[in-house]
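Structure file structure-v1.cif; described as mmCIF, C-alpha atoms.
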```
data_upload
#
loop_
_atom_site.label_atom_id
_atom_site.label_comp_id
_atom_site.auth_asym_id
_atom_site.auth_seq_id
_atom_site.Cartn_x
_atom_site.Cartn_y
_atom_site.Cartn_z
CA LEU W 204 67.90 122.13 141.21
CA ARG W 205 66.39 121.02 144.53
CA ASP W 206 64.31 124.21 144.73
CA PHE W 207 63.07 123.61 141.20
CA PHE W 208 62.08 120.02 141.96
CA LYS W 209 60.06 121.20 144.96
CA ILE W 210 57.68 123.19 142.77
CA LEU W 211 57.11 120.56 140.06
CA PRO W 212 53.42 119.58 139.65
CA ASP W 213 52.49 116.13 140.93
CA GLU W 214 50.35 115.14 137.94
CA TYR W 215 53.31 114.85 135.54
CA ARG W 216 56.45 112.73 135.42
CA PHE W 217 59.81 114.36 134.74
CA ALA W 218 63.27 113.51 133.45
CA VAL W 219 66.37 115.67 133.69
CA GLU W 220 69.01 115.74 130.98
CA PHE W 221 72.36 117.04 132.12
CA ARG W 222 74.54 118.93 129.66
CA ASP W 223 77.80 119.02 131.59
CA PRO W 224 79.93 116.16 133.00
CA SER W 225 80.15 117.95 136.37
CA TRP W 226 76.57 116.83 137.12
CA LEU W 227 77.51 113.15 136.95
CA LYS W 228 78.05 112.57 140.64
CA GLU W 229 76.30 110.73 143.42
CA ASP W 230 74.73 113.85 144.95
CA SER W 231 72.95 114.69 141.69
CA LEU W 232 71.64 111.16 141.21
CA SER W 233 70.46 110.97 144.81
CA LEU W 234 68.56 114.21 144.33
CA LEU W 235 66.81 112.77 141.27
CA SER W 236 65.86 109.65 143.23
CA ARG W 237 64.55 111.68 146.16
CA TYR W 238 62.15 113.61 143.92
CA ASP W 239 61.24 110.64 141.71
CA VAL W 240 62.79 112.22 138.60
CA ALA W 241 64.40 110.12 135.86
CA TYR W 242 67.99 110.53 134.78
CA THR W 243 68.15 110.95 131.00
CA ILE W 244 70.49 108.37 129.49
CA VAL W 245 72.16 109.77 126.38
CA ASP W 246 74.03 108.73 123.27
CA GLU W 247 76.02 111.81 122.25
CA PRO W 248 79.58 113.17 121.96
CA LEU W 249 79.51 115.00 125.32
CA LEU W 250 78.40 112.55 128.02
CA PRO W 251 78.92 108.77 128.29
CA PRO W 252 75.93 106.40 127.86
CA GLU W 253 75.82 105.50 131.56
CA LEU W 254 72.76 103.65 132.85
CA HIS W 255 71.52 105.45 135.95
CA VAL W 256 68.10 104.45 137.29
CA THR W 257 66.56 106.99 139.66
CA THR W 258 62.84 106.18 139.44
CA ASP W 259 60.45 103.57 138.01
CA PHE W 260 60.98 104.56 134.36
CA SER W 261 63.98 105.23 132.15
CA TYR W 262 64.35 107.82 129.42
CA VAL W 263 66.93 107.33 126.65
CA ARG W 264 67.85 109.98 124.08
CA TRP W 265 69.89 109.26 120.99
CA HIS W 266 71.15 112.71 120.04
CA GLY W 267 73.51 111.57 117.28
CA ARG W 268 77.25 111.44 116.99
CA GLY W 269 77.80 114.25 114.54
CA THR W 270 80.13 117.17 115.07
CA ARG W 271 78.42 120.37 113.96
CA PRO W 272 75.66 119.76 114.96
CA TRP W 273 75.35 116.45 116.84
CA TYR W 274 71.79 115.81 115.79
CA ASN W 275 72.28 115.92 112.02
CA TYR W 276 73.05 112.24 112.13
CA HIS W 277 71.85 108.88 110.87
CA TYR W 278 72.89 105.98 113.11
CA ARG W 279 74.32 102.90 111.45
CA ARG W 280 72.87 99.62 112.63
CA GLU W 281 76.20 98.53 114.12
CA GLU W 282 76.15 101.67 116.29
CA LEU W 283 72.75 100.66 117.67
CA GLU W 284 73.55 96.99 118.31
CA PRO W 285 75.37 97.68 121.64
CA TRP W 286 72.15 99.18 122.97
CA ARG W 287 70.45 95.76 122.96
CA ASN W 288 72.04 94.71 126.27
CA ARG W 289 71.65 98.17 127.80
CA LEU W 290 67.95 98.38 126.99
CA GLU W 291 67.33 94.83 128.18
CA GLU W 292 69.08 95.66 131.45
CA LEU W 293 66.96 98.79 131.86
CA SER W 294 63.74 96.89 131.16
CA ASP W 295 64.61 94.51 134.01
CA ARG W 296 65.11 97.41 136.42
CA VAL W 297 62.18 99.73 135.60
CA ASP W 298 58.52 99.50 134.62
CA VAL W 299 58.80 101.49 131.38
CA VAL W 300 61.65 102.49 129.05
CA TYR W 301 61.13 105.49 126.78
CA GLY W 302 63.47 105.96 123.83
CA TYR W 303 63.69 109.02 121.60
CA PHE W 304 65.78 109.88 118.56
CA ASN W 305 66.19 113.41 117.29
CA ASN W 306 63.29 114.22 114.97
CA HIS W 307 65.44 114.55 111.85
CA PHE W 308 63.85 116.04 108.74
CA HIS W 309 65.09 113.16 106.54
CA GLY W 310 63.17 110.64 108.64
CA TYR W 311 66.27 109.15 110.25
CA ALA W 312 64.51 108.97 113.64
CA VAL W 313 61.80 106.75 112.18
CA HIS W 314 64.39 104.46 110.61
CA ASN W 315 66.57 104.20 113.71
CA CYS W 316 63.61 103.63 116.06
CA LEU W 317 62.39 100.76 113.92
CA GLN W 318 65.91 99.34 113.78
CA VAL W 319 66.07 99.34 117.58
CA LEU W 320 62.75 97.46 117.75
CA GLU W 321 64.15 94.93 115.29
CA ILE W 322 67.40 94.58 117.26
CA LEU W 323 65.37 93.94 120.43
CA GLY W 324 63.26 91.34 118.63
CA ILE W 325 59.98 93.09 119.41
CA ILE W 326 59.17 94.59 116.00
CA THR W 327 55.62 93.79 114.81
CA PRO W 328 54.80 92.69 111.22
CA GLU W 329 53.25 96.11 110.55
CA GLN W 330 56.34 97.90 111.86
CA ARG W 331 58.58 95.66 109.75
CA GLU W 332 56.63 96.67 106.64
CA VAL W 333 57.19 100.32 107.51
CA LEU W 334 60.90 99.66 108.13
CA GLU W 335 61.26 98.07 104.70
CA GLU W 336 59.43 100.99 103.07
CA VAL W 337 61.61 103.53 104.91
CA GLU W 338 64.77 101.74 103.79
CA ARG W 339 63.58 101.71 100.18
CA ASN W 340 62.92 105.44 100.35
CA LEU W 341 66.27 106.22 101.99
CA ALA W 342 68.08 104.23 99.29
CA ARG W 343 66.39 106.24 96.56
CA PRO W 344 68.63 109.09 95.29
CA ALA W 345 67.26 112.55 96.00
CA LYS W 346 66.10 114.51 92.99
CA PRO W 347 67.19 118.15 93.01
CA VAL W 348 64.37 120.61 92.44
CA GLU W 349 65.10 122.81 89.48
CA SER W 350 63.78 126.29 88.81
CA LEU W 351 63.48 128.51 85.76
CA SER W 352 66.45 130.57 86.94
CA ILE W 353 68.67 127.76 85.66
CA TYR W 354 67.99 129.05 82.18
CA MET W 355 68.67 132.73 82.85
CA SER W 356 71.30 134.29 80.61
CA PRO W 357 74.14 136.35 82.14
CA GLU W 358 72.98 139.65 80.67
CA LYS W 359 69.62 139.38 82.44
CA LEU W 360 71.08 138.86 85.90
CA PRO W 361 70.55 141.44 88.66
CA LYS W 362 73.41 143.87 89.18
CA ASN W 363 73.82 143.70 92.96
CA VAL W 364 74.62 140.95 95.44
CA ARG W 365 71.35 141.11 97.38
CA ASP W 366 69.19 140.70 94.28
CA LEU W 367 71.37 137.83 93.11
CA LEU W 368 70.99 136.19 96.50
CA LYS W 369 67.20 136.55 96.30
CA MET W 370 67.31 134.04 93.44
CA LEU W 371 68.99 131.48 95.70
CA VAL W 372 67.84 132.31 99.23
CA SER W 373 64.39 132.67 100.76
CA GLU W 374 63.47 136.17 101.94
CA SER W 375 63.35 135.12 105.60
CA ARG W 376 66.81 133.52 105.41
CA LEU W 377 68.18 136.55 103.63
CA ARG W 378 66.88 138.87 106.36
CA ARG W 379 68.54 136.70 109.01
CA ALA W 380 71.78 136.73 107.00
CA GLU W 381 71.75 140.53 106.89
CA LYS W 382 71.44 140.66 110.68
CA MET W 383 74.41 138.38 111.23
CA GLY W 384 77.36 140.29 112.67
CA LYS W 385 80.66 140.52 110.80
CA ASN W 386 82.40 139.24 113.91
CA LEU W 387 80.75 135.86 113.29
CA ILE W 388 82.38 135.53 109.86
CA ARG W 389 86.02 134.60 109.36
CA VAL W 390 87.65 134.02 105.98
CA LEU W 391 90.32 131.33 106.29
CA GLU W 392 91.56 131.15 102.70
CA LYS W 393 90.70 133.20 99.64
CA SER W 394 91.93 133.12 96.06
CA GLU W 395 90.40 133.92 92.70
CA ASN W 396 88.62 130.58 92.47
CA TYR W 397 88.64 129.21 96.02
CA LEU W 398 87.20 130.35 99.34
CA SER W 399 87.06 128.74 102.76
CA ALA W 400 85.52 130.40 105.79
CA GLU W 401 83.84 129.95 109.14
CA VAL W 402 80.40 131.43 109.79
CA LYS W 403 79.54 131.10 113.47
CA GLU W 404 80.65 127.55 114.26
CA TYR W 405 80.08 126.22 110.73
CA GLY W 406 82.48 125.72 107.84
CA VAL W 407 82.02 126.86 104.24
CA VAL W 408 84.06 125.93 101.17
CA ILE W 409 83.32 127.45 97.75
CA ASP W 410 85.41 126.02 94.90
CA LEU W 411 84.73 127.73 91.58
CA ASP W 412 87.06 125.47 89.58
CA ARG W 413 85.14 122.38 90.70
CA ARG W 414 81.83 124.25 90.97
CA LEU W 415 81.37 122.89 94.46
CA ILE W 416 80.00 124.23 97.77
CA LEU W 417 80.56 122.37 101.04
CA HIS W 418 78.82 123.37 104.25
CA ASP W 419 77.63 121.71 107.46
CA CYS W 420 74.67 123.46 109.08
CA ALA W 421 71.39 121.58 109.50
CA ASP W 422 69.43 123.96 107.27
CA TRP W 423 71.92 123.33 104.45
CA GLU W 424 70.71 119.72 104.40
CA ARG W 425 67.23 121.00 103.57
CA VAL W 426 67.98 123.69 101.03
CA ARG W 427 70.91 122.19 99.12
CA LEU W 428 68.68 119.56 97.49
CA GLU W 429 66.77 122.45 95.90
CA PHE W 430 70.02 124.17 94.89
CA LYS W 431 69.32 126.95 97.36
CA LEU W 432 71.61 128.63 99.89
CA CYS W 433 71.24 128.91 103.67
CA LYS W 434 71.60 132.05 105.80
CA HIS W 435 75.24 131.28 106.70
CA ILE W 436 76.42 131.19 103.09
CA ALA W 437 74.29 134.24 102.29
CA ALA W 438 75.86 136.15 105.20
CA LEU W 439 79.34 135.20 104.01
CA LEU W 440 78.65 136.42 100.47
CA LEU W 441 77.14 139.67 101.74
CA ASN W 442 80.36 140.39 103.60
CA LEU W 443 82.77 139.69 100.73
CA ASP W 444 84.06 142.11 98.13
CA GLU W 445 81.03 142.84 95.92
CA ASN W 446 82.60 141.80 92.61
CA TYR W 447 83.99 138.62 94.15
CA ALA W 448 80.56 137.67 95.52
CA LYS W 449 78.81 138.58 92.26
CA ASN W 450 81.18 136.35 90.31
CA ILE W 451 80.31 133.37 92.53
CA LEU W 452 76.57 133.99 92.51
CA SER W 453 76.37 134.66 88.78
CA ASP W 454 78.11 131.41 87.95
CA ILE W 455 75.86 129.44 90.31
CA ILE W 456 72.72 130.92 88.73
CA VAL W 457 73.79 130.63 85.10
CA ASN W 458 75.45 127.22 85.43
CA ARG W 459 73.39 125.80 88.27
CA GLY W 460 73.19 122.37 86.69
CA LEU W 461 76.99 122.09 86.83
CA TRP W 462 77.32 122.93 90.52
CA SER W 463 77.31 120.43 93.39
CA PHE W 464 76.02 121.40 96.84
CA ARG W 465 77.34 118.89 99.37
CA ARG W 466 77.75 118.39 103.08
CA LEU W 467 81.09 119.33 104.64
CA GLU W 468 82.03 116.10 106.42
CA SER W 469 85.04 117.26 108.45
CA PRO W 470 86.15 120.58 109.96
CA ILE W 471 88.18 122.91 107.76
CA GLU W 472 91.88 122.86 108.53
CA LYS W 473 92.99 126.29 109.74
#
```

This entry written out as structure tokens:
Amino acid sequence: LRDFFKILPDEYRFAVEFRDPSWLKEDSLSLLSRYDVAYTIVDEPLLPPELHVTTDFSYVRWHGRGTRPWYNYHYRREELEPWRNRLEELSDRVDVVYGYFNNHFHGYAVHNCLQVLEILGIITPEQREVLEEVERNLARPAKPVESLSIYMSPEKLPKNVRDLLKMLVSESRLRRAEKMGKNLIRVLEKSENYLSAEVKEYGVVIDLDRRLILHDCADWERVRLEFKLCKHIAALLLNLDENYAKNILSDIIVNRGLWSFRRLESPIEK
């Protein structure tokens, strides 16, 4: 790390974010101070939110408190309230405090940033208007995007798994699913109408009786609102018995309006 700091250009300012608790020691912090590099203060499951000041500015990152992954997360206001005292302390010790939330595709970063400004009592009238608009939009229920395939009759369905998947998965996601190794897929429970599995570090539950799919990758949050599948679910279905996979996919396509695609909130029990 010292050798790296020696070659940093002078015209930029830098912050280091550690990703292992072993770095949290006096030698590391002294090294940051010596080279005028900021310690990145974090809110995350791995490291504690310790306030270490090593230069004339502070850099705070709110990663989220999710599980798989951390960053697919929307902070509640009560989780942000404790940061009032921390940020006020930092502002007394440094010239500038930078704060960043993960740039979440649902706009959670915008909402949480504005909430922090409000908590600190420094929100402007214009920012308050935006905050109110954001909260109205977040409270609005999402409308699933339908497609003509909802109305396809069973006899017109494709006869193989890949072609069925093409109706529910983008071509790029399907290609990535086909490249995913079988060693990354583990079926935990399987019956005629129920399947639970792990794909990489993510969980998948497919319940045909309830017409329900639960999953927890970040891409799932994007595609599920359009009643589409992500690469992890596609990879799982490609590696199942063909008739079993076809039965699942056919029912989703023919009865798509009856299915629910939801987020898996807790790890699958093994």

(request) Using the chain letters and numbering of this document, enumerate as a list in words the residues selected by the PyMOL selection byres ((chain W and resi 227) around 12). (result)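 Matching residues under the PyMOL selection byres ((chain W and resi 227) around 12) are Val219, Glu220, Phe221, Arg222, Asp223, Pro224, Ser225, Trp226, Lys228, Glu229, Asp230, Ser231, Leu232, Ser233, Leu234, Leu235, Tyr242, Thr243, Ile244, Leu249, Leu250, Pro251, Pro252, Glu253, Leu254 and His255 of chain W.
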
(request) I would like the residues chosen by the PyMOL selection byres ((chain W and resi 268) around 10) on the shown file; could you give them as a count of residues only? (result) 18

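For the pair atom CA of Glu424 of chain W and atom CA of His309 of chain W, the interatomic distance is 8.9 Å.
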
(request) Please provide as a list in words all residues within 10 Å of Pro361 of chain W, with the sequence filter that same-chain residues fewer than 4 positions apart are discarded (counting only C-alpha atoms). (result) Pro357, Arg365, Asp366, Leu367, Leu368, Lys369, Met370, Lys449 and Ser453 of chain W

(message) I'd like to know which of W:Asn442, W:Ser463, W:Gln318, W:Asn396 is closest to Gln330 of chain W, using only C-alpha atoms.
(response) W:Gln318

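Against the coordinates shown, the PyMOL selection byres ((chain W and resi 400) around 10) returns Ile388, Arg389, Val390, Leu391, Glu392, Lys393, Leu398, Ser399, Glu401, Val402, Lys403, Tyr405, Gly406, Val407, Val408, Ile409, His418, Ile436, Leu439, Ile471 and Lys473 of chain W.
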
(request) Find the spatial neighbours of Tyr447 of chain W, counting only C-alpha atoms, within a cut-off of 10 Å - ignore same-chain residues fewer than 2 positions away - and output them as a list in words. (result)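 In the requested form, the answer reads Val364, Ser394, Glu395, Asn396, Leu440, Leu443, Asp444, Glu445, Lys449, Asn450, Ile451 and Leu452 of chain W.
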
(request) Extract, using all atoms listed in the file, all DNA, RNA and protein residues at most 12 Å from Leu290 of chain W, discarding same-chain residues fewer than 4 positions from it, and format them as a list in words. (result) Ile244, Pro252, Glu253, Leu254, His255, Val256, Phe260, Ser261, Tyr262, Val263, Arg264, Leu283, Glu284, Pro285, Trp286, Ser294, Asp295, Arg296, Val297, Val299, Val300, Tyr301, Gly302, Val319, Leu320, Ile322, Leu323 and Gly324 of chain W

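Computed from the coordinates, the atom CA of Trp462 of chain W to atom CA of Ile416 of chain W distance equals 7.8 Å.
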
(message) Taking all atoms listed in the file into account, name the residue in W:Ile325, W:Val313, W:Ile455, W:Leu360 that is nearest to Glu338 of chain W.
(response) W:Val313

(request) Grab the atom CA of Val333 of chain W to atom CA of Val245 of chain W distance for me, in Å with one decimal place. (result)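 A separation of 25.9 Å between them.
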
(message) Taking only C-alpha atoms into account, name the residue in W:Ala437, W:Ala421, W:Leu293, W:Val372 that is nearest to His307 of chain W.
(response) W:Ala421

Padding 6 Å on every side, please: axis-aligned box over the listed atoms of segment 251-269 of chain W, centre and edge lengths to one decimal in Å, as lines of an AutoDock Vina configuration file.
```
center_x = 69.7
center_y = 108.9
center_z = 127.1
size_x = 30.5
size_y = 22.7
size_z = 37.1
```

(request) Give the answer as one residue: which of W:Asn446, W:Ser373, W:Ser469, W:Asn340 has the shortest atom-to-atom distance to Phe430 of chain W, using all atoms listed in the file? (result)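 Closest residue, counting all atoms listed in the file: W:Ser373.
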
(request) Counting all atoms listed in the file, figure out which residue out of W:Tyr397, W:Phe304, W:Phe208, W:Phe464 gets nearest to Asp419 of chain W. (result) W:Phe464

(message) With distances taken over all atoms listed in the file, which residue among W:Glu321, W:Asp454, W:Asp239, W:Glu332 lies nearest Leu415 of chain W?
(response)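 So, comparing all the options, the nearest one is W:Asp454.
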